[in-house]
Amino acid sequence: MGNFECSTGRIELMCGICGIIGFENRTEAEPAVRRMMARLVHRGPDEEGMLAAPWAVLGMRRLSIIDLPGGGQPVWNEDGTHAVIYNGEIYNFGELRAELEALGHRFRTRSDTEVIVHAYEAWGADCVQHLRGMFSFAVAEMPGGRDGAVTRVFLARDRFGIKPLYYAFAGSKFVFASEVRALLASELVPREISAGAVASYVLFGSVGEPMSLIDGVASLPPAHRMTVDPARPAEASRPEAYWGADSVRSAVNHAGDGERDRPEASVRALLEDSVRKHLIADVPIGVFLSSGIDSTALTALASRDRAGLHTFTLIFPELEFSEAEIARRTARQFGTEHADIELSGEEMLARTDEAIAAFDSPSMDGINTYFVSWAARQAGLKVALSGLGSDEIFGGYSTFRTAPRLARLAKIALATPARLRQALAPAIDFFGGRISHGDAGRKLSAAWAEPDSLPDTYFLARALFAPAQAAELLGRHSDSWSGAAAGRWLEETVRQAGTLQGAARISWLELRTYMASTLLRDTDGMSMRHSLEVRVPFLDHPLVECALASAETNATDGDERPKALLLAALGDLLPAEVVEQRKRTFTLPWEEWMRGALRGRVGKSFAEWSPRLDAHVPGAAARGVWDAFLVGRTSWSRPWALYVLNEWVKQNLESIGAPAQISKATSVIPAVT
């Protein structure tokens, strides 16, 4: 993004990167890279940089927080044999710089970007093991120096997928970028829909890692790295994991008795350290402040280390959805500069197209983040802290309670003869409807009727549509989920989760699926649409490892109070009314809006169903979901998710038309290892 001055140097957050590998003549690749850079302007409106060499052309866009010398990219090592383009923030760059200088490396700047290029020079692909932060980057090796050819490109992404990185094989070329639509702007990648990605979207309301909605375009998965040979890009090494559940297992095994007895002390120290590092900035910095524990905890800690902290709250005229009063009292208690930003259903109606257009990848949840980010910019901020990640690592979601119950029911179902299970299904449907109304009741029924339809019953708790209902919507593509990369990602996540127990197991499933595929994609894409950098202190990996290790060593049956460990660590700092209130999930009042101000807009979209999407989700089936909502038989989330998908396809795959193609992208996505 920009350059953040601290005692040991500057953190440079560069907000959009891209490149093409495989053209021996760089002039053939430069126009396509410039088109991608232009598509990333909103991520970095202040400056651009490019490395153009035989076999690889790399580009970046920069958003400046402050404008200090040494902020341009690419950044080189001493002899010009390695160069990096980078998007992110390395929290421990000061310590790494000292270690690298002791190894003989010489630095020209005080930036964290330069630390990456020297770290790669020193440790090769294992440099990622040394990095603490959020990042996606590409390092080009040029043994002949700055005027020579690129012989290898190394790409990596942070442990949780906070920063995005997408790629595609375009014939014999390798294309990568921070956004899917930047890849499309290269005109090397056909605008074709991935059937497997649509199936993933219908099941969960977002496209699962490591897929995108575009056939042949994949994300480099969280905690993965890969190396590309420019002379043979199609033979690129497969994405390779460098961090996983075994790191949590190691934290469990190495925890001393004192840490096991007082994990709250470790959590507090790690969170204090994480927040302190996330506050490095020379511009006003804010916190998304709701009435909840997570944002209040960040505000309490941040206000002790930074004067003039800004907080803001998105409020609604529909008072039952407003968290304004508690947030105002919290702001007064901690002495922040607070602002309320009001959003009405009428304004939502006026700005729906604008918000949908902001999606780089469609999602049922992302509109929330779009308007929260807009509110931050209205409050004059370029940097904001978010409480994202706390629910995942401290057991805040209802899934920590419902998933074990679904698992117990599924276990009984699997032990029941098929004919008897079928005979009992109506009773389960009735029972499920009585104790858990609407769509939640259908998930209970699904755990009985199709207990092994997904890799783990946890995914039934997260499902938008139960598998059988999703199959009905997908029609002739109902089997497209089988063998898709997103399905393999779920299977691998479940395999890794098998090394953990209790709440730690569910935390791992949350971190690697719902958070990575929905929350982090939404947060990055929607905030950067407003040129806002969102930082997530709860996702500092030492803190995550500590929290999950504690969840395992203090495993319960899931009935313990949500976020008990976080409250034990910070309870003395938090207002009593925040701690004692019932948890409320932040959501916009969609039910009211879709029956009121948005009804005409959404209904029209279902009536004008995309012909290209119709081949994957028939319009008649989609309209059936809208009709079911209108008569109260399903929740707002299902028709809204289909509405977003339809509008995204129309805006990105139909209105622009088929681009000119230099070569065709293959639909083969290398397997994740």
# chains A, B, ... in the order shown; residues from 1 in each chain; ligands from 1
>>> residues_around(residues="stretch 505-508 of chain A", least_positions_apart="4", cutoff="6 Å", atoms="only C-alpha atoms", output="list in words")
Glu392, Ile393, Ala497, Leu500 and Gln501 of chain A
>>> select_by_dssp(residues="stretch 83-316 of chain A", states="alpha helix (DSSP H)", output="VMD selection string")
chain A and resid 93 to 102 112 to 123 180 to 185 195 to 204 245 to 254 257 to 261 263 to 278 293 to 305
>>> closest_atom_pairs(of="stretch 179-220 of chain A", to="stretch 624-637 of chain A", cutoff="12 Å", atoms="only C-alpha atoms", output="CSV")
residue,atom,partner,partner_atom,distance
A:Val202,CA,A:Ser637,CA,11.3
A:Phe204,CA,A:Ser637,CA,10.7
A:Gly205,CA,A:Ser637,CA,8.5
A:Ser206,CA,A:Ser637,CA,11.9
>>> write_last_selection(atoms="C-alpha atoms", output="mmCIF file, in the first residue's frame")
data_model
loop_
_atom_site.group_PDB
_atom_site.id
_atom_site.type_symbol
_atom_site.label_atom_id
_atom_site.label_comp_id
_atom_site.auth_asym_id
_atom_site.auth_seq_id
_atom_site.Cartn_x
_atom_site.Cartn_y
_atom_site.Cartn_z
ATOM 1 C CA VAL A 202 -24.382 -23.061 -5.245
ATOM 2 C CA PHE A 204 -21.661 -22.570 -0.244
ATOM 3 C CA GLY A 205 -22.471 -19.101 -1.596
ATOM 4 C CA SER A 206 -18.914 -18.445 -2.811
#
>>> residues_around(residues="A:Ala547", least_positions_apart="2", cutoff="12 Å", atoms="only C-alpha atoms", output="mmCIF file with C-alpha atoms, in the first residue's frame")
data_model
loop_
_atom_site.group_PDB
_atom_site.id
_atom_site.type_symbol
_atom_site.label_atom_id
_atom_site.label_comp_id
_atom_site.auth_asym_id
_atom_site.auth_seq_id
_atom_site.Cartn_x
_atom_site.Cartn_y
_atom_site.Cartn_z
ATOM 1 C CA VAL A 248 -0.687 -26.349 15.162
ATOM 2 C CA ARG A 249 0.100 -29.915 16.249
ATOM 3 C CA ALA A 251 2.474 -25.915 18.956
ATOM 4 C CA VAL A 252 0.422 -28.377 21.033
ATOM 5 C CA ALA A 255 3.535 -26.032 24.841
ATOM 6 C CA GLU A 259 1.357 -22.275 28.823
ATOM 7 C CA ARG A 260 -1.190 -25.061 29.186
ATOM 8 C CA ARG A 262 -2.406 -20.067 31.554
ATOM 9 C CA PRO A 263 -3.028 -19.899 27.813
ATOM 10 C CA GLU A 264 -4.882 -16.606 28.319
ATOM 11 C CA ALA A 265 -1.579 -14.917 29.214
ATOM 12 C CA SER A 266 -0.004 -16.136 25.973
ATOM 13 C CA VAL A 267 -3.033 -15.059 23.931
ATOM 14 C CA ARG A 268 -2.994 -11.603 25.468
ATOM 15 C CA ALA A 269 0.718 -11.087 24.855
ATOM 16 C CA LEU A 270 0.486 -12.288 21.257
ATOM 17 C CA LEU A 271 -2.592 -10.194 20.483
ATOM 18 C CA GLY A 389 -10.478 -14.277 12.347
ATOM 19 C CA SER A 390 -11.538 -14.072 15.995
ATOM 20 C CA ASP A 391 -14.688 -16.153 15.515
ATOM 21 C CA GLU A 392 -12.647 -18.792 13.702
ATOM 22 C CA ILE A 393 -9.902 -19.206 16.303
ATOM 23 C CA PHE A 394 -11.885 -18.592 19.505
ATOM 24 C CA GLY A 395 -15.039 -20.593 18.719
ATOM 25 C CA ALA A 503 -12.833 -27.043 18.834
ATOM 26 C CA ALA A 504 -9.376 -26.887 17.232
ATOM 27 C CA ARG A 505 -10.603 -29.229 14.496
ATOM 28 C CA SER A 507 -11.345 -23.930 13.798
ATOM 29 C CA TRP A 508 -9.126 -25.482 11.142
ATOM 30 C CA PHE A 538 -6.336 -11.890 14.797
ATOM 31 C CA LEU A 539 -4.727 -13.700 11.849
ATOM 32 C CA ASP A 540 -1.129 -13.333 12.977
ATOM 33 C CA HIS A 541 -0.023 -16.953 12.685
ATOM 34 C CA PRO A 542 1.712 -17.268 16.111
ATOM 35 C CA LEU A 543 -1.559 -16.125 17.711
ATOM 36 C CA VAL A 544 -3.590 -18.578 15.620
ATOM 37 C CA GLU A 545 -1.297 -21.475 16.520
ATOM 38 C CA ALA A 549 -3.282 -25.354 20.573
ATOM 39 C CA SER A 550 -5.190 -24.150 23.626
ATOM 40 C CA ALA A 551 -8.522 -25.194 22.092
ATOM 41 C CA GLU A 552 -7.175 -28.720 21.681
ATOM 42 C CA THR A 553 -5.449 -29.078 25.039
ATOM 43 C CA ASN A 554 -8.567 -27.730 26.749
ATOM 44 C CA ALA A 555 -11.033 -29.559 24.482
ATOM 45 C CA LYS A 563 -14.755 -17.007 23.034
ATOM 46 C CA ALA A 564 -14.056 -18.056 26.622
ATOM 47 C CA LEU A 565 -10.294 -17.889 26.008
ATOM 48 C CA LEU A 566 -10.436 -14.412 24.476
ATOM 49 C CA ALA A 569 -7.298 -12.913 28.119
#
>>> residues_around(residues="A:Pro451", least_positions_apart="5", cutoff="7 Å", atoms="only C-alpha atoms", output="PDB file with C-alpha atoms, in the first residue's frame")
ATOM      1  CA  ALA A 410     -24.865 -38.432  10.632  1.00  0.00           C
ATOM      2  CA  ALA A 413     -27.664 -42.347   9.997  1.00  0.00           C
ATOM      3  CA  LEU A 414     -24.660 -44.160   8.547  1.00  0.00           C
ATOM      4  CA  ALA A 446     -29.679 -33.488   5.126  1.00  0.00           C
ATOM      5  CA  THR A 457     -20.779 -32.915   8.166  1.00  0.00           C
TER       6      THR A 457
END
>>> atom_distance(atom1="atom CA of A:Ser291", atom2="atom CA of A:Val536")
17.7 Å
>>> select_by_dssp(residues="stretch 43-168 of chain A", states="strand (DSSP E or B)", output="ChimeraX atom specification")
/A:45,47-53,56-62,75-76,82-90,111,133-141,152-157,166-168
>>> write_last_selection(atoms="N, CA and C atoms", output="short mmCIF file (atom, residue, chain, number, x, y, z; two decimals), in the first residue's frame")
data_model
loop_
_atom_site.label_atom_id
_atom_site.label_comp_id
_atom_site.auth_asym_id
_atom_site.auth_seq_id
_atom_site.Cartn_x
_atom_site.Cartn_y
_atom_site.Cartn_z
N PRO A 45 -3.87 3.39 -7.00
CA PRO A 45 -4.09 4.53 -7.89
C PRO A 45 -2.92 5.51 -7.97
N GLU A 47 0.72 4.94 -8.18
CA GLU A 47 2.00 4.70 -8.86
C GLU A 47 1.98 3.32 -9.49
N GLU A 48 2.81 3.13 -10.54
CA GLU A 48 2.97 1.81 -11.13
C GLU A 48 4.44 1.53 -11.36
N GLY A 49 4.76 0.25 -11.50
CA GLY A 49 6.12 -0.16 -11.79
C GLY A 49 6.11 -1.40 -12.66
N MET A 50 7.20 -1.62 -13.41
CA MET A 50 7.25 -2.76 -14.32
C MET A 50 8.67 -3.29 -14.45
N LEU A 51 8.78 -4.60 -14.54
CA LEU A 51 10.01 -5.27 -14.93
C LEU A 51 9.73 -5.94 -16.26
N ALA A 52 10.44 -5.52 -17.32
CA ALA A 52 10.23 -6.09 -18.65
C ALA A 52 11.55 -6.69 -19.11
N ALA A 53 11.57 -8.01 -19.23
CA ALA A 53 12.78 -8.73 -19.61
C ALA A 53 12.40 -9.90 -20.49
N ALA A 56 9.87 -12.87 -19.15
CA ALA A 56 8.92 -12.47 -18.10
C ALA A 56 8.76 -10.96 -18.06
N VAL A 57 7.49 -10.53 -17.95
CA VAL A 57 7.17 -9.12 -17.73
C VAL A 57 6.27 -9.06 -16.50
N LEU A 58 6.70 -8.32 -15.49
CA LEU A 58 5.97 -8.21 -14.23
C LEU A 58 5.55 -6.76 -14.00
N GLY A 59 4.35 -6.56 -13.44
CA GLY A 59 3.86 -5.21 -13.19
C GLY A 59 3.22 -5.09 -11.82
N MET A 60 3.10 -3.84 -11.34
CA MET A 60 2.46 -3.60 -10.04
C MET A 60 1.81 -2.22 -10.03
N ARG A 61 0.81 -2.08 -9.17
CA ARG A 61 0.16 -0.80 -8.89
C ARG A 61 0.27 -0.54 -7.39
N ARG A 62 0.51 0.74 -7.04
CA ARG A 62 0.79 1.09 -5.65
C ARG A 62 -0.20 2.11 -5.12
N VAL A 75 11.78 -4.18 -6.58
CA VAL A 75 12.92 -3.93 -5.71
C VAL A 75 13.95 -5.04 -5.97
N TRP A 76 15.22 -4.62 -6.09
CA TRP A 76 16.29 -5.53 -6.48
C TRP A 76 17.21 -5.85 -5.31
N HIS A 82 18.16 -10.57 -8.64
CA HIS A 82 16.84 -10.94 -8.15
C HIS A 82 15.99 -9.67 -8.01
N ALA A 83 14.71 -9.78 -8.37
CA ALA A 83 13.79 -8.64 -8.23
C ALA A 83 12.45 -9.16 -7.73
N VAL A 84 11.75 -8.33 -6.93
CA VAL A 84 10.48 -8.73 -6.35
C VAL A 84 9.41 -7.69 -6.62
N ILE A 85 8.19 -8.16 -6.90
CA ILE A 85 6.99 -7.34 -6.82
C ILE A 85 6.13 -7.96 -5.74
N TYR A 86 5.41 -7.10 -5.00
CA TYR A 86 4.88 -7.57 -3.71
C TYR A 86 3.65 -6.79 -3.30
N ASN A 87 2.72 -7.51 -2.69
CA ASN A 87 1.51 -6.92 -2.12
C ASN A 87 1.37 -7.46 -0.71
N GLY A 88 1.49 -6.61 0.30
CA GLY A 88 1.32 -7.13 1.64
C GLY A 88 2.05 -6.37 2.71
N GLU A 89 2.30 -7.07 3.80
CA GLU A 89 2.91 -6.48 4.99
C GLU A 89 3.64 -7.58 5.74
N ILE A 90 4.93 -7.39 5.96
CA ILE A 90 5.74 -8.35 6.73
C ILE A 90 5.98 -7.76 8.11
N SER A 111 12.80 -0.76 3.65
CA SER A 111 11.46 -1.30 3.40
C SER A 111 11.39 -2.80 3.63
N GLY A 133 3.25 -12.41 8.36
CA GLY A 133 2.46 -11.31 7.83
C GLY A 133 1.45 -11.75 6.80
N MET A 134 1.01 -10.78 5.99
CA MET A 134 0.06 -11.04 4.90
C MET A 134 0.77 -10.63 3.61
N PHE A 135 0.71 -11.51 2.60
CA PHE A 135 1.50 -11.20 1.41
C PHE A 135 1.12 -12.09 0.23
N SER A 136 1.35 -11.55 -0.94
CA SER A 136 1.51 -12.32 -2.17
C SER A 136 2.62 -11.63 -2.94
N PHE A 137 3.52 -12.41 -3.51
CA PHE A 137 4.65 -11.79 -4.20
C PHE A 137 5.20 -12.71 -5.27
N ALA A 138 6.00 -12.12 -6.14
CA ALA A 138 6.70 -12.86 -7.19
C ALA A 138 8.15 -12.39 -7.22
N VAL A 139 9.09 -13.33 -7.17
CA VAL A 139 10.52 -13.02 -7.25
C VAL A 139 11.05 -13.56 -8.58
N ALA A 140 11.68 -12.69 -9.35
CA ALA A 140 12.27 -13.09 -10.63
C ALA A 140 13.78 -13.27 -10.45
N GLU A 141 14.29 -14.40 -10.93
CA GLU A 141 15.73 -14.65 -10.93
C GLU A 141 16.31 -14.27 -12.28
N ARG A 152 13.78 -17.90 -13.81
CA ARG A 152 12.87 -18.56 -12.87
C ARG A 152 12.04 -17.50 -12.16
N VAL A 153 10.78 -17.84 -11.88
CA VAL A 153 9.92 -16.95 -11.10
C VAL A 153 9.32 -17.75 -9.95
N PHE A 154 9.47 -17.23 -8.75
CA PHE A 154 8.94 -17.86 -7.55
C PHE A 154 7.75 -17.04 -7.05
N LEU A 155 6.63 -17.72 -6.78
CA LEU A 155 5.42 -17.06 -6.28
C LEU A 155 5.02 -17.67 -4.94
N ALA A 156 4.47 -16.82 -4.06
CA ALA A 156 4.05 -17.31 -2.74
C ALA A 156 2.89 -16.48 -2.23
N ARG A 157 2.12 -17.09 -1.33
CA ARG A 157 0.95 -16.44 -0.73
C ARG A 157 0.96 -16.73 0.76
N TYR A 166 -3.96 -15.01 -8.25
CA TYR A 166 -4.60 -15.92 -9.21
C TYR A 166 -3.67 -16.17 -10.39
N TYR A 167 -3.85 -17.32 -11.03
CA TYR A 167 -3.01 -17.63 -12.19
C TYR A 167 -3.76 -18.49 -13.19
N ALA A 168 -3.21 -18.54 -14.41
CA ALA A 168 -3.76 -19.40 -15.47
C ALA A 168 -2.65 -19.77 -16.42
#
>>> closest_atom_pairs(of="stretch 157-244 of chain A", to="stretch 114-129 of chain A", cutoff="8 Å", atoms="only C-alpha atoms", output="tab-separated table")
residue	atom	partner	partner_atom	distance
A:Arg225	CA	A:Ala125	CA	7.6
A:Tyr242	CA	A:Gln129	CA	7.1
A:Trp243	CA	A:Gln129	CA	7.9
>>> write_last_selection(atoms="C-alpha atoms", output="PDB file, in the first residue's frame")
ATOM      1  CA  ARG A 225       4.269 -21.511  -3.063  1.00  0.00           C
ATOM      2  CA  TYR A 242       4.614 -24.749   3.364  1.00  0.00           C
ATOM      3  CA  TRP A 243       2.368 -24.484   6.473  1.00  0.00           C
TER       4      TRP A 243
END
>>> atom_distance(atom1="atom CA of A:Val644", atom2="atom CA of A:Gly292")
27.9 Å
>>> closest_residue(among="A:Ile20, A:Ala461, A:Ala302, A:Ala622", to="A:Ser398", atoms="only C-alpha atoms")
A:Ala461
>>> atom_distance(atom1="atom CA of A:Arg599", atom2="atom CA of A:Pro362")
19.9 Å
>>> residues_around(residues="A:Ala358", least_positions_apart="4", cutoff="7 Å", atoms="only C-alpha atoms", output="list in words")
Glu354, Met526 and Arg529 of chain A
>>> write_last_selection(atoms="C-alpha atoms", output="mmCIF file, in the first residue's frame")
data_model
loop_
_atom_site.group_PDB
_atom_site.id
_atom_site.type_symbol
_atom_site.label_atom_id
_atom_site.label_comp_id
_atom_site.auth_asym_id
_atom_site.auth_seq_id
_atom_site.Cartn_x
_atom_site.Cartn_y
_atom_site.Cartn_z
ATOM 1 C CA GLU A 354 -22.153 -0.273 -8.184
ATOM 2 C CA MET A 526 -14.357 -4.999 -1.609
ATOM 3 C CA ARG A 529 -12.330 -1.300 -4.496
#
>>> closest_atom_pairs(of="stretch 174-277 of chain A", to="stretch 293-300 of chain A", cutoff="12 Å", atoms="only C-alpha atoms", output="Markdown table")
| residue | atom | partner | partner_atom | distance |
| --- | --- | --- | --- | --- |
| A:Arg268 | CA | A:Ala297 | CA | 10.5 |
| A:Leu271 | CA | A:Leu298 | CA | 8.9 |
| A:Glu272 | CA | A:Leu298 | CA | 9.0 |
| A:Asp273 | CA | A:Leu298 | CA | 11.6 |
| A:Ser274 | CA | A:Leu298 | CA | 10.1 |
| A:Val275 | CA | A:Leu298 | CA | 7.2 |
| A:Arg276 | CA | A:Leu298 | CA | 10.2 |
>>> residues_around(residues="stretch 208-217 of chain A", least_positions_apart="6", cutoff="10 Å", atoms="only C-alpha atoms", output="PyMOL selection string")
chain A and resi 161+166-170+175-176+180-181+183-184+189-201+360-362+484-490+512-514+516-518+521+645+648-649+653+664-672
>>> residues_around(residues="A:Ala470", least_positions_apart="5", cutoff="9 Å", atoms="only C-alpha atoms", output="JSON list (two decimals) with N, CA and C atoms, in the first residue's frame")
[["chain", "number", "residue", "atom", "x", "y", "z"],
["A", 199, "ALA", "N", -20.86, -25.12, -9.17],
["A", 199, "ALA", "CA", -21.36, -26.08, -8.18],
["A", 199, "ALA", "C", -20.91, -25.70, -6.78],
["A", 202, "VAL", "N", -23.02, -22.70, -5.63],
["A", 202, "VAL", "CA", -24.38, -23.06, -5.24],
["A", 202, "VAL", "C", -24.39, -23.75, -3.89],
["A", 203, "LEU", "N", -23.40, -24.57, -3.63],
["A", 203, "LEU", "CA", -23.34, -25.27, -2.35],
["A", 203, "LEU", "C", -23.07, -24.32, -1.18],
["A", 464, "LEU", "N", -25.08, -23.43, 1.80],
["A", 464, "LEU", "CA", -26.17, -22.54, 1.39],
["A", 464, "LEU", "C", -27.38, -23.38, 0.99],
["A", 465, "PHE", "N", -27.16, -24.36, 0.13],
["A", 465, "PHE", "CA", -28.15, -25.35, -0.25],
["A", 465, "PHE", "C", -27.64, -26.72, 0.18],
["A", 475, "GLY", "N", -29.04, -29.10, -12.28],
["A", 475, "GLY", "CA", -29.55, -29.85, -13.41],
["A", 475, "GLY", "C", -28.53, -30.82, -13.98],
["A", 478, "SER", "N", -25.15, -31.49, -12.28],
["A", 478, "SER", "CA", -25.21, -31.85, -10.86],
["A", 478, "SER", "C", -24.02, -32.65, -10.39]]
>>> decode(residues="stretch 144-163 of chain A", atoms="N, CA, C and O atoms", output="PDB file, in the first residue's frame")
ATOM      1  N   GLY A 144      21.959 -13.024 -15.221  1.00  0.00           N
ATOM      2  CA  GLY A 144      22.762 -12.102 -16.024  1.00  0.00           C
ATOM      3  C   GLY A 144      22.622 -10.651 -15.617  1.00  0.00           C
ATOM      4  O   GLY A 144      23.171  -9.762 -16.278  1.00  0.00           O
ATOM      5  N   GLY A 145      21.877 -10.387 -14.536  1.00  0.00           N
ATOM      6  CA  GLY A 145      21.707  -9.003 -14.102  1.00  0.00           C
ATOM      7  C   GLY A 145      20.481  -8.362 -14.712  1.00  0.00           C
ATOM      8  O   GLY A 145      19.686  -8.997 -15.415  1.00  0.00           O
ATOM      9  N   ARG A 146      20.329  -7.057 -14.464  1.00  0.00           N
ATOM     10  CA  ARG A 146      19.104  -6.351 -14.839  1.00  0.00           C
ATOM     11  C   ARG A 146      18.822  -6.353 -16.331  1.00  0.00           C
ATOM     12  O   ARG A 146      17.670  -6.221 -16.739  1.00  0.00           O
ATOM     13  N   ASP A 147      19.844  -6.486 -17.130  1.00  0.00           N
ATOM     14  CA  ASP A 147      19.634  -6.485 -18.580  1.00  0.00           C
ATOM     15  C   ASP A 147      19.513  -7.890 -19.150  1.00  0.00           C
ATOM     16  O   ASP A 147      19.393  -8.069 -20.368  1.00  0.00           O
ATOM     17  N   GLY A 148      19.543  -8.896 -18.282  1.00  0.00           N
ATOM     18  CA  GLY A 148      19.494 -10.267 -18.747  1.00  0.00           C
ATOM     19  C   GLY A 148      18.092 -10.833 -18.781  1.00  0.00           C
ATOM     20  O   GLY A 148      17.094 -10.132 -18.562  1.00  0.00           O
ATOM     21  N   ALA A 149      18.000 -12.126 -19.049  1.00  0.00           N
ATOM     22  CA  ALA A 149      16.715 -12.813 -19.135  1.00  0.00           C
ATOM     23  C   ALA A 149      16.322 -13.374 -17.769  1.00  0.00           C
ATOM     24  O   ALA A 149      17.162 -13.658 -16.917  1.00  0.00           O
ATOM     25  N   VAL A 150      15.024 -13.544 -17.579  1.00  0.00           N
ATOM     26  CA  VAL A 150      14.502 -14.176 -16.377  1.00  0.00           C
ATOM     27  C   VAL A 150      14.563 -15.685 -16.564  1.00  0.00           C
ATOM     28  O   VAL A 150      14.063 -16.230 -17.555  1.00  0.00           O
ATOM     29  N   THR A 151      15.167 -16.371 -15.608  1.00  0.00           N
ATOM     30  CA  THR A 151      15.307 -17.829 -15.710  1.00  0.00           C
ATOM     31  C   THR A 151      14.374 -18.595 -14.780  1.00  0.00           C
ATOM     32  O   THR A 151      14.195 -19.801 -14.943  1.00  0.00           O
ATOM     33  N   ARG A 152      13.779 -17.903 -13.806  1.00  0.00           N
ATOM     34  CA  ARG A 152      12.869 -18.563 -12.871  1.00  0.00           C
ATOM     35  C   ARG A 152      12.044 -17.497 -12.155  1.00  0.00           C
ATOM     36  O   ARG A 152      12.532 -16.407 -11.880  1.00  0.00           O
ATOM     37  N   VAL A 153      10.778 -17.839 -11.879  1.00  0.00           N
ATOM     38  CA  VAL A 153       9.924 -16.946 -11.098  1.00  0.00           C
ATOM     39  C   VAL A 153       9.318 -17.749  -9.955  1.00  0.00           C
ATOM     40  O   VAL A 153       8.737 -18.816 -10.169  1.00  0.00           O
ATOM     41  N   PHE A 154       9.466 -17.226  -8.754  1.00  0.00           N
ATOM     42  CA  PHE A 154       8.940 -17.857  -7.546  1.00  0.00           C
ATOM     43  C   PHE A 154       7.752 -17.043  -7.048  1.00  0.00           C
ATOM     44  O   PHE A 154       7.835 -15.815  -6.925  1.00  0.00           O
ATOM     45  N   LEU A 155       6.625 -17.723  -6.782  1.00  0.00           N
ATOM     46  CA  LEU A 155       5.425 -17.064  -6.281  1.00  0.00           C
ATOM     47  C   LEU A 155       5.021 -17.668  -4.939  1.00  0.00           C
ATOM     48  O   LEU A 155       5.177 -18.874  -4.719  1.00  0.00           O
ATOM     49  N   ALA A 156       4.473 -16.824  -4.055  1.00  0.00           N
ATOM     50  CA  ALA A 156       4.049 -17.312  -2.742  1.00  0.00           C
ATOM     51  C   ALA A 156       2.891 -16.476  -2.231  1.00  0.00           C
ATOM     52  O   ALA A 156       2.718 -15.312  -2.607  1.00  0.00           O
ATOM     53  N   ARG A 157       2.120 -17.089  -1.334  1.00  0.00           N
ATOM     54  CA  ARG A 157       0.955 -16.443  -0.730  1.00  0.00           C
ATOM     55  C   ARG A 157       0.955 -16.731   0.764  1.00  0.00           C
ATOM     56  O   ARG A 157       1.396 -17.795   1.197  1.00  0.00           O
ATOM     57  N   ASP A 158       0.442 -15.809   1.570  1.00  0.00           N
ATOM     58  CA  ASP A 158       0.497 -15.941   3.023  1.00  0.00           C
ATOM     59  C   ASP A 158      -0.312 -17.131   3.525  1.00  0.00           C
ATOM     60  O   ASP A 158      -1.098 -17.734   2.809  1.00  0.00           O
ATOM     61  N   ARG A 159      -0.132 -17.427   4.793  1.00  0.00           N
ATOM     62  CA  ARG A 159      -0.657 -18.666   5.378  1.00  0.00           C
ATOM     63  C   ARG A 159      -2.175 -18.778   5.337  1.00  0.00           C
ATOM     64  O   ARG A 159      -2.725 -19.873   5.261  1.00  0.00           O
ATOM     65  N   PHE A 160      -2.880 -17.648   5.433  1.00  0.00           N
ATOM     66  CA  PHE A 160      -4.339 -17.704   5.509  1.00  0.00           C
ATOM     67  C   PHE A 160      -5.032 -17.242   4.228  1.00  0.00           C
ATOM     68  O   PHE A 160      -6.247 -17.366   4.115  1.00  0.00           O
ATOM     69  N   GLY A 161      -4.269 -16.731   3.268  1.00  0.00           N
ATOM     70  CA  GLY A 161      -4.875 -16.226   2.044  1.00  0.00           C
ATOM     71  C   GLY A 161      -5.445 -14.832   2.203  1.00  0.00           C
ATOM     72  O   GLY A 161      -6.429 -14.487   1.560  1.00  0.00           O
ATOM     73  N   ILE A 162      -4.828 -14.007   3.059  1.00  0.00           N
ATOM     74  CA  ILE A 162      -5.312 -12.644   3.261  1.00  0.00           C
ATOM     75  C   ILE A 162      -5.141 -11.837   1.979  1.00  0.00           C
ATOM     76  O   ILE A 162      -6.011 -11.052   1.604  1.00  0.00           O
ATOM     77  N   LYS A 163      -4.008 -12.029   1.318  1.00  0.00           N
ATOM     78  CA  LYS A 163      -3.745 -11.353   0.050  1.00  0.00           C
ATOM     79  C   LYS A 163      -3.927 -12.345  -1.103  1.00  0.00           C
ATOM     80  O   LYS A 163      -3.432 -13.469  -1.046  1.00  0.00           O
TER      81      LYS A 163
END
